[in-house]
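A.B. asks: So I've got this file, work_27.tsv, and it contains TSV, C-alpha atoms and all ligand atoms:
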chain	number	residue	atom	x	y	z
A	1	MET	CA	-19.76	2.34	12.26
A	2	GLU	CA	-18.76	4.52	9.39
A	3	GLN	CA	-15.55	3.22	7.88
A	4	THR	CA	-14.78	5.11	4.72
A	5	GLU	CA	-15.92	8.02	2.69
A	6	ASN	CA	-18.86	7.32	0.41
A	7	ASN	CA	-19.60	4.35	2.68
A	8	ILE	CA	-17.45	2.09	0.56
A	9	ALA	CA	-15.64	-0.41	2.74
A	10	ARG	CA	-12.04	-0.60	1.67
A	11	LYS	CA	-9.75	-3.59	1.85
A	12	ILE	CA	-6.28	-2.43	2.80
A	13	ILE	CA	-3.11	-4.48	3.18
A	14	HIS	CA	0.08	-3.12	4.70
A	15	ILE	CA	3.15	-5.15	3.79
A	16	ASP	CA	6.38	-4.63	5.67
A	17	MET	CA	9.52	-6.65	4.96
A	18	ASP	CA	11.18	-8.14	8.01
A	19	ALA	CA	14.58	-6.60	8.90
A	20	PHE	CA	14.85	-5.79	5.21
A	21	TYR	CA	18.47	-4.78	4.58
A	22	ALA	CA	19.79	-7.35	7.04
A	23	SER	CA	17.62	-10.10	5.57
A	24	VAL	CA	18.83	-9.34	2.03
A	25	GLU	CA	22.44	-9.53	3.27
A	26	GLN	CA	21.80	-12.82	5.05
A	27	ARG	CA	20.14	-14.17	1.94
A	28	ASP	CA	23.02	-13.18	-0.33
A	29	HIS	CA	25.82	-14.06	2.12
A	30	PRO	CA	25.21	-17.47	3.71
A	31	GLU	CA	28.03	-16.80	6.20
A	32	TYR	CA	25.84	-14.12	7.82
A	33	ARG	CA	22.87	-16.41	8.35
A	34	GLY	CA	21.97	-16.99	11.99
A	35	LYS	CA	24.42	-14.25	12.97
A	36	ALA	CA	23.99	-10.91	14.65
A	37	ILE	CA	24.64	-8.43	11.86
A	38	ALA	CA	24.09	-4.71	11.53
A	39	VAL	CA	23.76	-3.06	8.15
A	40	GLY	CA	24.96	0.52	8.39
A	41	GLY	CA	27.91	2.74	9.13
A	42	SER	CA	31.14	1.56	10.67
A	43	PRO	CA	31.62	1.83	14.45
A	44	GLU	CA	34.95	3.59	13.90
A	45	GLY	CA	33.27	6.62	12.45
A	46	ARG	CA	29.99	8.22	13.46
A	47	GLY	CA	27.92	5.62	11.67
A	48	VAL	CA	24.49	4.42	12.73
A	49	VAL	CA	22.75	1.11	12.38
A	50	ALA	CA	20.26	1.14	9.49
A	51	THR	CA	18.90	-2.37	10.07
A	52	ALA	CA	19.84	-5.03	12.60
A	53	SER	CA	19.19	-8.71	12.01
A	54	TYR	CA	16.79	-10.38	14.43
A	55	GLU	CA	19.76	-12.15	15.99
A	56	ALA	CA	21.29	-8.72	16.76
A	57	ARG	CA	18.02	-7.38	18.16
A	58	LYS	CA	18.24	-9.95	20.97
A	59	TYR	CA	21.12	-7.87	22.31
A	60	GLY	CA	19.09	-4.69	22.21
A	61	ILE	CA	20.55	-3.45	18.95
A	62	ARG	CA	18.11	-1.26	17.04
A	63	SER	CA	18.00	0.92	13.97
A	64	ALA	CA	19.18	4.52	14.35
A	65	MET	CA	21.45	3.46	17.21
A	66	SER	CA	25.07	4.55	16.83
A	67	SER	CA	27.22	1.73	15.51
A	68	ARG	CA	29.62	2.33	18.36
A	69	ARG	CA	26.87	1.75	20.92
A	70	ALA	CA	25.74	-1.37	19.06
A	71	LEU	CA	29.26	-2.79	19.24
A	72	GLN	CA	29.35	-2.14	22.99
A	73	LEU	CA	26.13	-4.12	23.39
A	74	TYR	CA	27.51	-7.06	21.44
A	75	PRO	CA	31.23	-7.03	20.59
A	76	GLN	CA	30.90	-9.92	18.09
A	77	LEU	CA	28.42	-7.92	16.02
A	78	ILE	CA	29.20	-8.10	12.28
A	79	PHE	CA	28.94	-4.76	10.48
A	80	VAL	CA	27.87	-4.86	6.85
A	81	ARG	CA	28.06	-1.97	4.42
A	82	PRO	CA	24.69	-1.25	2.84
A	83	ARG	CA	24.17	-2.18	-0.83
A	84	PHE	CA	21.38	0.15	-1.78
A	85	ASP	CA	21.33	-0.95	-5.41
A	86	ALA	CA	20.62	-4.50	-4.28
A	87	TYR	CA	17.83	-3.34	-1.94
A	88	LYS	CA	16.27	-1.22	-4.67
A	89	GLU	CA	16.25	-4.17	-7.02
A	90	VAL	CA	14.55	-6.37	-4.43
A	91	SER	CA	12.09	-3.56	-3.74
A	92	ARG	CA	11.26	-3.35	-7.45
A	93	ARG	CA	10.56	-7.07	-7.52
A	94	ILE	CA	8.36	-6.86	-4.43
A	95	ARG	CA	6.30	-4.16	-6.15
A	96	GLU	CA	6.00	-6.36	-9.22
A	97	ILE	CA	4.42	-8.97	-6.97
A	98	PHE	CA	2.02	-6.36	-5.53
A	99	ALA	CA	1.11	-5.21	-9.03
A	100	ARG	CA	-0.26	-8.66	-9.91
A	101	TYR	CA	-3.10	-7.87	-7.53
A	102	THR	CA	-3.61	-4.11	-7.65
A	103	ASP	CA	-2.32	-0.91	-9.20
A	104	LEU	CA	-3.19	1.01	-6.04
A	105	ILE	CA	0.15	0.70	-4.30
A	106	GLU	CA	1.48	3.39	-1.99
A	107	PRO	CA	5.11	2.73	-1.10
A	108	LEU	CA	6.25	4.23	2.20
A	109	SER	CA	9.85	3.17	1.75
A	110	LEU	CA	11.81	0.50	-0.11
A	111	ASP	CA	10.38	-2.27	2.04
A	112	GLU	CA	6.93	-1.13	3.02
A	113	ALA	CA	3.73	-0.30	1.18
A	114	TYR	CA	-0.02	0.04	1.46
A	115	LEU	CA	-2.13	-1.83	-1.06
A	116	ASP	CA	-5.78	-1.14	-1.74
A	117	VAL	CA	-7.30	-4.43	-2.86
A	118	THR	CA	-10.94	-3.41	-2.60
A	119	GLU	CA	-11.09	-4.44	-6.24
A	120	ASP	CA	-8.21	-6.73	-7.10
A	121	LYS	CA	-7.10	-7.48	-10.64
A	122	LEU	CA	-7.55	-11.23	-10.29
A	123	ASN	CA	-11.02	-10.97	-8.75
A	124	ILE	CA	-9.89	-12.92	-5.71
A	125	GLY	CA	-12.13	-10.76	-3.56
A	126	SER	CA	-10.49	-11.63	-0.24
A	127	ALA	CA	-7.80	-9.36	1.17
A	128	ILE	CA	-6.76	-12.15	3.52
A	129	GLU	CA	-6.18	-14.53	0.61
A	130	ILE	CA	-4.30	-11.87	-1.37
A	131	ALA	CA	-2.03	-11.11	1.58
A	132	ARG	CA	-1.36	-14.83	1.99
A	133	GLN	CA	-0.44	-15.15	-1.68
A	134	ILE	CA	1.82	-12.09	-1.58
A	135	LYS	CA	3.71	-13.41	1.43
A	136	MET	CA	4.11	-16.76	-0.30
A	137	ALA	CA	5.35	-15.16	-3.54
A	138	ILE	CA	7.89	-13.05	-1.62
A	139	ARG	CA	9.13	-16.16	0.15
A	140	GLU	CA	9.31	-18.37	-2.93
A	141	GLU	CA	10.56	-15.86	-5.47
A	142	LEU	CA	12.79	-13.68	-3.31
A	143	GLN	CA	13.63	-15.97	-0.36
A	144	LEU	CA	12.61	-13.23	2.07
A	145	THR	CA	9.85	-12.83	4.62
A	146	ALA	CA	7.32	-10.06	4.98
A	147	SER	CA	4.72	-9.23	7.59
A	148	ALA	CA	1.19	-8.35	6.54
A	149	GLY	CA	-1.51	-6.34	8.25
A	150	ILE	CA	-5.01	-6.46	6.83
A	151	SER	CA	-7.88	-4.18	7.71
A	152	VAL	CA	-10.34	-1.67	6.32
A	153	ASN	CA	-8.08	1.34	6.69
A	154	LYS	CA	-4.43	2.30	6.51
A	155	PHE	CA	-3.93	3.10	10.17
A	156	VAL	CA	-5.11	-0.24	11.49
A	157	ALA	CA	-3.46	-2.22	8.66
A	158	LYS	CA	-0.11	-0.64	9.48
A	159	ILE	CA	-0.36	-1.37	13.19
A	160	ALA	CA	-1.52	-4.90	12.40
A	161	SER	CA	1.53	-5.65	10.24
A	162	ASP	CA	3.75	-4.85	13.21
A	163	LEU	CA	1.99	-7.09	15.72
A	164	ASN	CA	3.47	-10.50	14.96
A	165	LYS	CA	6.80	-9.80	13.31
A	166	PRO	CA	8.68	-11.45	11.76
A	167	ASP	CA	6.64	-13.36	9.18
A	168	GLY	CA	3.52	-11.86	10.71
A	169	PHE	CA	-0.02	-12.08	9.42
A	170	THR	CA	-2.71	-10.14	11.24
A	171	PHE	CA	-6.26	-9.39	10.19
A	172	ILE	CA	-8.34	-6.89	12.12
A	173	GLY	CA	-11.84	-6.79	10.72
A	174	PRO	CA	-14.39	-3.99	11.02
A	175	SER	CA	-16.17	-5.43	14.05
A	176	ALA	CA	-12.87	-5.81	15.95
A	177	ILE	CA	-11.42	-2.38	15.25
A	178	GLU	CA	-12.90	-0.34	18.08
A	179	ALA	CA	-12.02	-2.90	20.74
A	180	PHE	CA	-8.54	-3.19	19.26
A	181	MET	CA	-7.99	0.55	19.30
A	182	GLU	CA	-9.24	0.83	22.89
A	183	GLN	CA	-6.62	-1.53	24.27
A	184	LEU	CA	-3.80	-0.16	22.13
A	185	PRO	CA	-1.05	1.63	24.12
A	186	VAL	CA	-0.71	5.24	22.98
A	187	GLU	CA	2.94	4.79	21.99
A	188	LYS	CA	1.84	2.19	19.43
A	189	PHE	CA	-0.20	4.80	17.58
A	190	HIS	CA	1.92	5.62	14.63
A	191	GLY	CA	2.00	9.36	14.44
A	192	VAL	CA	2.48	9.54	18.21
A	193	GLY	CA	6.15	10.15	18.90
A	194	LYS	CA	7.92	9.68	22.20
A	195	VAL	CA	7.38	13.26	23.31
A	196	THR	CA	3.63	13.12	22.69
A	197	ALA	CA	3.36	9.67	24.26
A	198	ASP	CA	5.10	10.94	27.41
A	199	LYS	CA	2.80	13.92	27.53
A	200	MET	CA	-0.23	11.65	27.19
A	201	LYS	CA	0.98	9.41	29.99
A	202	ARG	CA	1.51	12.38	32.29
A	203	MET	CA	-2.13	13.21	31.58
A	204	GLY	CA	-3.18	9.68	32.53
A	205	LEU	CA	-3.79	8.68	28.90
A	206	PHE	CA	-2.26	5.24	28.39
A	207	THR	CA	-4.49	3.57	25.81
A	208	GLY	CA	-6.83	4.32	22.96
A	209	GLY	CA	-9.66	3.81	25.42
A	210	ASP	CA	-8.32	6.67	27.56
A	211	LEU	CA	-8.09	8.94	24.52
A	212	LYS	CA	-11.64	8.01	23.59
A	213	LYS	CA	-12.98	9.59	26.78
A	214	LEU	CA	-11.90	13.01	25.55
A	215	SER	CA	-13.97	15.14	23.22
A	216	GLU	CA	-12.60	16.24	19.86
A	217	GLN	CA	-12.42	19.76	21.28
A	218	GLU	CA	-10.31	18.62	24.23
A	219	LEU	CA	-7.98	16.57	22.04
A	220	LYS	CA	-7.44	19.58	19.77
A	221	GLN	CA	-6.84	21.78	22.77
A	222	TYR	CA	-4.17	19.45	24.19
A	223	PHE	CA	-2.49	18.20	21.02
A	224	GLY	CA	-3.27	20.73	18.31
A	225	LYS	CA	-4.65	19.92	14.90
A	226	VAL	CA	-3.66	16.25	15.10
A	227	GLY	CA	-6.24	15.96	17.91
A	228	THR	CA	-8.95	15.52	15.28
A	229	PHE	CA	-7.01	12.61	13.83
A	230	TYR	CA	-6.72	10.99	17.27
A	231	TYR	CA	-10.43	11.52	17.84
A	232	GLN	CA	-11.29	9.66	14.66
A	233	ILE	CA	-8.68	6.97	14.82
A	234	VAL	CA	-9.63	5.72	18.30
A	235	ARG	CA	-13.05	5.14	16.76
A	236	GLY	CA	-11.46	3.16	13.95
A	237	ILE	CA	-12.10	5.88	11.38
A	238	ASP	CA	-9.37	6.66	8.87
A	239	HIS	CA	-10.49	8.17	5.58
A	240	ARG	CA	-7.06	8.41	4.02
A	241	ALA	CA	-6.98	6.81	0.59
A	242	VAL	CA	-4.08	4.70	-0.60
A	243	GLN	CA	-2.20	7.21	-2.71
A	244	PRO	CA	-0.49	5.54	-5.60
A	245	HIS	CA	1.47	8.63	-6.74
A	246	ARG	CA	3.54	7.74	-9.76
A	247	GLU	CA	3.22	4.06	-8.98
A	248	THR	CA	-0.20	3.88	-10.53
A	249	LYS	CA	0.41	4.04	-14.22
A	250	SER	CA	-3.07	3.11	-15.31
A	251	LEU	CA	-6.51	2.22	-14.06
A	252	GLY	CA	-9.12	0.38	-16.01
A	253	ALA	CA	-11.57	-2.46	-16.41
A	254	GLU	CA	-12.27	-5.10	-18.99
A	255	ASP	CA	-14.73	-7.85	-19.63
A	256	THR	CA	-14.58	-11.15	-21.48
A	257	PHE	CA	-17.95	-12.10	-22.91
A	258	PRO	CA	-19.63	-15.51	-22.72
A	259	HIS	CA	-20.42	-15.18	-26.44
A	260	ASP	CA	-18.46	-13.17	-29.01
A	261	LEU	CA	-20.04	-9.81	-29.83
A	262	THR	CA	-20.80	-9.22	-33.49
A	263	VAL	CA	-23.30	-6.34	-33.36
A	264	VAL	CA	-22.07	-2.79	-32.76
A	265	GLU	CA	-25.03	-1.95	-30.49
A	266	ASP	CA	-24.07	-4.84	-28.21
A	267	MET	CA	-20.49	-3.63	-28.18
A	268	HIS	CA	-21.70	-0.17	-27.17
A	269	ALA	CA	-23.81	-1.62	-24.38
A	270	GLU	CA	-20.82	-3.50	-23.01
A	271	LEU	CA	-18.58	-0.47	-23.37
A	272	GLU	CA	-21.03	1.50	-21.29
A	273	LYS	CA	-20.89	-1.04	-18.45
A	274	ILE	CA	-17.10	-1.08	-18.56
A	275	ALA	CA	-16.91	2.72	-18.72
A	276	ARG	CA	-19.11	2.95	-15.61
A	277	THR	CA	-16.77	0.63	-13.72
A	278	VAL	CA	-13.72	2.62	-14.81
A	279	TYR	CA	-15.45	5.85	-13.88
A	280	ALA	CA	-16.35	4.54	-10.41
A	281	ARG	CA	-12.75	3.48	-9.79
A	282	LEU	CA	-11.39	6.83	-10.93
A	283	GLU	CA	-13.86	8.59	-8.66
A	284	ARG	CA	-12.94	6.52	-5.68
A	285	TYR	CA	-9.29	7.42	-5.98
A	286	SER	CA	-9.79	10.96	-7.27
A	287	LEU	CA	-7.81	10.21	-10.40
A	288	LYS	CA	-7.98	11.74	-13.86
A	289	GLY	CA	-5.94	10.71	-16.85
A	290	ARG	CA	-4.91	12.29	-20.12
A	291	THR	CA	-4.99	9.08	-22.14
A	292	ILE	CA	-7.91	6.74	-22.78
A	293	THR	CA	-7.08	3.32	-24.21
A	294	LEU	CA	-9.46	0.82	-25.73
A	295	LYS	CA	-8.45	-2.83	-25.80
A	296	ILE	CA	-10.11	-5.30	-28.14
A	297	LYS	CA	-9.56	-9.03	-28.27
A	298	TYR	CA	-11.07	-10.89	-31.20
A	299	SER	CA	-12.38	-14.45	-31.32
A	300	ASP	CA	-9.03	-15.61	-32.73
A	301	PHE	CA	-7.33	-14.07	-29.63
A	302	LYS	CA	-5.69	-11.39	-31.71
A	303	GLN	CA	-5.55	-8.28	-29.57
A	304	ILE	CA	-5.30	-4.61	-30.47
A	305	THR	CA	-5.26	-1.39	-28.48
A	306	ARG	CA	-6.20	2.09	-29.64
A	307	ASN	CA	-5.78	5.22	-27.60
A	308	GLN	CA	-6.52	8.89	-27.58
A	309	SER	CA	-4.73	11.52	-25.52
A	310	PHE	CA	-6.10	14.83	-24.29
A	311	PRO	CA	-4.25	18.03	-23.49
A	312	TYR	CA	-5.90	18.02	-20.05
A	313	PRO	CA	-6.80	15.26	-17.58
A	314	VAL	CA	-10.23	13.68	-18.06
A	315	GLY	CA	-12.22	11.39	-15.84
A	316	ASP	CA	-15.93	11.96	-16.48
A	317	LEU	CA	-18.17	9.16	-17.65
A	318	ASP	CA	-19.32	10.91	-20.85
A	319	THR	CA	-15.80	11.53	-22.11
A	320	ILE	CA	-14.67	8.00	-21.27
A	321	LEU	CA	-17.62	6.37	-23.00
A	322	HIS	CA	-17.69	8.70	-25.98
A	323	THR	CA	-13.97	8.27	-26.59
A	324	ALA	CA	-14.17	4.50	-26.25
A	325	LYS	CA	-16.98	4.37	-28.84
A	326	GLN	CA	-15.02	6.56	-31.23
A	327	LEU	CA	-11.93	4.41	-30.86
A	328	LEU	CA	-14.05	1.31	-31.46
A	329	ALA	CA	-15.66	2.87	-34.57
A	330	ALA	CA	-12.21	3.58	-36.01
A	331	THR	CA	-11.34	-0.14	-35.92
A	332	GLY	CA	-14.24	-1.08	-38.21
A	333	PRO	CA	-16.04	-3.33	-35.71
A	334	GLU	CA	-18.84	-4.36	-38.10
A	335	ASP	CA	-18.84	-8.11	-38.75
A	336	LYS	CA	-15.97	-8.67	-36.33
A	337	GLN	CA	-16.19	-11.21	-33.54
A	338	ILE	CA	-15.11	-9.62	-30.29
A	339	ARG	CA	-14.53	-11.66	-27.18
A	340	LEU	CA	-13.12	-8.97	-24.89
A	341	LEU	CA	-13.34	-5.20	-24.48
A	342	GLY	CA	-11.43	-3.06	-22.02
A	343	ILE	CA	-11.01	0.62	-21.21
A	344	THR	CA	-8.02	2.07	-19.40
A	345	LEU	CA	-7.16	5.57	-18.24
A	346	SER	CA	-3.47	6.42	-17.92
A	347	ASN	CA	-1.04	9.29	-18.04
A	348	PHE	CA	-2.14	10.57	-14.63
A	349	GLY	CA	0.96	12.72	-14.26
A	350	GLU	CA	0.56	15.74	-12.05
A	351	ALA	CA	-3.19	15.43	-12.07
A	352	GLY	CA	-2.83	12.48	-9.67
A	353	PRO	CA	-4.68	11.86	-6.44
A	354	VAL	CA	-6.20	14.87	-4.77
A	355	SER	CA	-7.27	13.14	-1.59
A	356	ASP	CA	-6.22	14.17	1.88
A	357	LYS	CA	-2.58	14.36	2.84
A	358	PRO	CA	-1.09	11.35	4.59
A	359	VAL	CA	-0.78	11.80	8.30
A	360	ASN	CA	2.62	10.32	8.82
A	361	PRO	CA	4.73	12.75	10.78
A	362	GLN	CA	7.07	10.02	11.99
A	363	LEU	CA	8.13	8.83	8.58
A	364	SER	CA	11.86	9.18	8.59
A	365	LEU	CA	15.03	7.69	7.21
A	366	PHE	CA	14.62	4.81	9.61
A	367	ASP	CA	11.05	3.92	8.94
A	368	PHE	CA	12.20	1.13	6.67
A	369	GLU	CA	13.03	-0.71	9.86
A	370	GLY	CA	10.85	-3.41	11.31
B	1	MG	MG	10.42	-3.43	7.43
Before we go any further, please render this structure as structure tokens.
Ligand SMILES: [Mg+2]
C.D. replies:
Amino acid sequence: MEQTENNIARKIIHIDMDAFYASVEQRDHPEYRGKAIAVGGSPEGRGVVATASYEARKYGIRSAMSSRRALQLYPQLIFVRPRFDAYKEVSRRIREIFARYTDLIEPLSLDEAYLDVTEDKLNIGSAIEIARQIKMAIREELQLTASAGISVNKFVAKIASDLNKPDGFTFIGPSAIEAFMEQLPVEKFHGVGKVTADKMKRMGLFTGGDLKKLSEQELKQYFGKVGTFYYQIVRGIDHRAVQPHRETKSLGAEDTFPHDLTVVEDMHAELEKIARTVYARLERYSLKGRTITLKIKYSDFKQITRNQSFPYPVGDLDTILHTAKQLLAATGPEDKQIRLLGITLSNFGEAGPVSDKPVNPQLSLFDFEG
């Protein structure tokens, strides 16, 4: 089964904080713990619930519900005014945790993000292990819980993170995807709203398996352009790349050598290997940068960086390698003992990712919920 463009299997994690605003309030205000609380507007006005604690959800209280209705469902419900500055600060710290593992972070809201860990910074290699560590760090450092979905594409990872909330952890590997999609109720497909789900059910389409019986042509005929997306996704195919936007500030590679390098030719040979890795990563994420940085660590652990900026974004192997060699030459590398070399591209700016647009028509003010 084809999974990704260029036949590179991706490792994608979707992290979603559990009842985020409400959990932050319960963390910061012990008197709210174990209580049904609703963060949002007051029931006296026309306010709506932004996030309900899990205790409140037992009474049927949900996000986007009017606060008045929520109070009818449970008169003892505690209403809490949102503190967006506090949530933003927690969100920033969550992203710091993500950034220990990858720079390819695509936030969907304050409390939810996709991570591409196909190549993680710590060379852990296992998306399952990385997700486990991230959940643990969020718990220990922020006293909050998150749910993680792990798969080879964004669509399945996102659905997976929702399966065992709160504190969920769900891995759906390549061999399990098609069977998983076949049994999935159509309303669970994110991107399928209530109106579309109702239409599908009227047509006798209740699961992914039902959708799979239709040709791409038929799906397009019934549902418009998004029909192609349905056709692919029921087969477990989702080519959308994790789009770091401004979150990715740099992308690079480095290598520490078993023996210090003292000969310039050897340094060039290593730079070429590193440049190829950087180039492959840039290619994969369709990124170009205007600044190339060379990092050198000497045998005494002294470290320097040198960079060159261009008036236009660059990302081709020749330019990366040539620039790195020039930057190295300018440091006078002869007779130095070098233990590490690294090359980084940054300053992506507007030249950022050029991959396909995210298919996320349901993303709304209330998608931070979950
Ligand atoms: Mg959430």
A.B. asks: So which residues touch Ala148 (chain A) within 7 Å, counting only C-alpha atoms, skipping near sequence neighbours fewer than 3 positions away, as a compact mmCIF listing (two decimals) with C-alpha atoms, in the frame of the given file?
C.D. replies:
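Final output, result08.txt:
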# COMPACT_ATOMS: atom_id res chain seq x y z
CA ILE A 13 -3.11 -4.48 3.18
CA HIS A 14 0.08 -3.12 4.70
CA ILE A 15 3.15 -5.15 3.79
CA ASP A 16 6.38 -4.63 5.67
CA ALA A 131 -2.03 -11.11 1.58
CA SER A 161 1.53 -5.65 10.24
CA GLY A 168 3.52 -11.86 10.71
CA PHE A 169 -0.02 -12.08 9.42
CA THR A 170 -2.71 -10.14 11.24
A.B. asks: What is the distance, in Å and to one decimal place, between CA of Tyr21 (chain A) and CA of Ile97 (chain A)?
C.D. replies: 18.7 Å
A.B. asks: Find the residues with any atom within 7 Å of (-5.3, 7.3, -1.0); use all atoms listed in the file and the coordinates as given in the file, and write the answer as a list in words.
C.D. replies: Arg240, Ala241, Val242, Gln243, Pro244, Tyr285 and Ser355 of chain A
A.B. asks: What would the file look like if the residues just selected were written as a compact mmCIF listing (two decimals), in the frame of the given file with C-alpha atoms?
C.D. replies:
# COMPACT_ATOMS: atom_id res chain seq x y z
CA ARG A 240 -7.06 8.41 4.02
CA ALA A 241 -6.98 6.81 0.59
CA VAL A 242 -4.08 4.70 -0.60
CA GLN A 243 -2.20 7.21 -2.71
CA PRO A 244 -0.49 5.54 -5.60
CA TYR A 285 -9.29 7.42 -5.98
CA SER A 355 -7.27 13.14 -1.59
A.B. asks: With a distance cut-off of 6 Å and all atoms listed in the file, select the neighbouring residues of region 115-119 of chain A, excluding the residue or stretch itself and same-chain residues fewer than 4 positions from it, and output the selection as a list in words.
C.D. replies: Arg10, Lys11, Ile12, Ile13, Leu104 and Ile105 of chain A
A.B. asks: Please identify all polymer residues lying at most 12 Å from the point (21.9, -12.6, 12.3) (file coordinates), using only C-alpha atoms, and present the result as a ChimeraX atom specification.
C.D. replies: /A:19,21-27,29-39,51-59,61,76-80
A.B. asks: Any idea what's packed within 9 Å of region 280-282 of chain A, counting all atoms listed in the file, ignoring anything in its chain fewer than 3 positions away? Could you give it as a list in words?
C.D. replies: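 Within the cut-off, the hits are Glu119, Leu251, Gly252, Ala253, Ala275, Arg276, Thr277, Tyr285, Ser286, Leu287, Lys288, Gly289, Gly315, Asp316, Leu317 and Leu345 of chain A.
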A.B. asks: A:Leu327, A:Gln72, A:Gln133, A:Ala113: which is nearest Arg100 (chain A), counting all atoms listed in the file?
C.D. replies: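 Closest residue, counting all atoms listed in the file: A:Gln133.
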A.B. asks: Kindly indicate which residue among A:Asp120, A:Asp162, A:Asp85, A:Glu140 lies nearest to ligand MG 1 (chain B), using only C-alpha atoms and all ligand atoms for the distances.
C.D. replies: A:Asp162
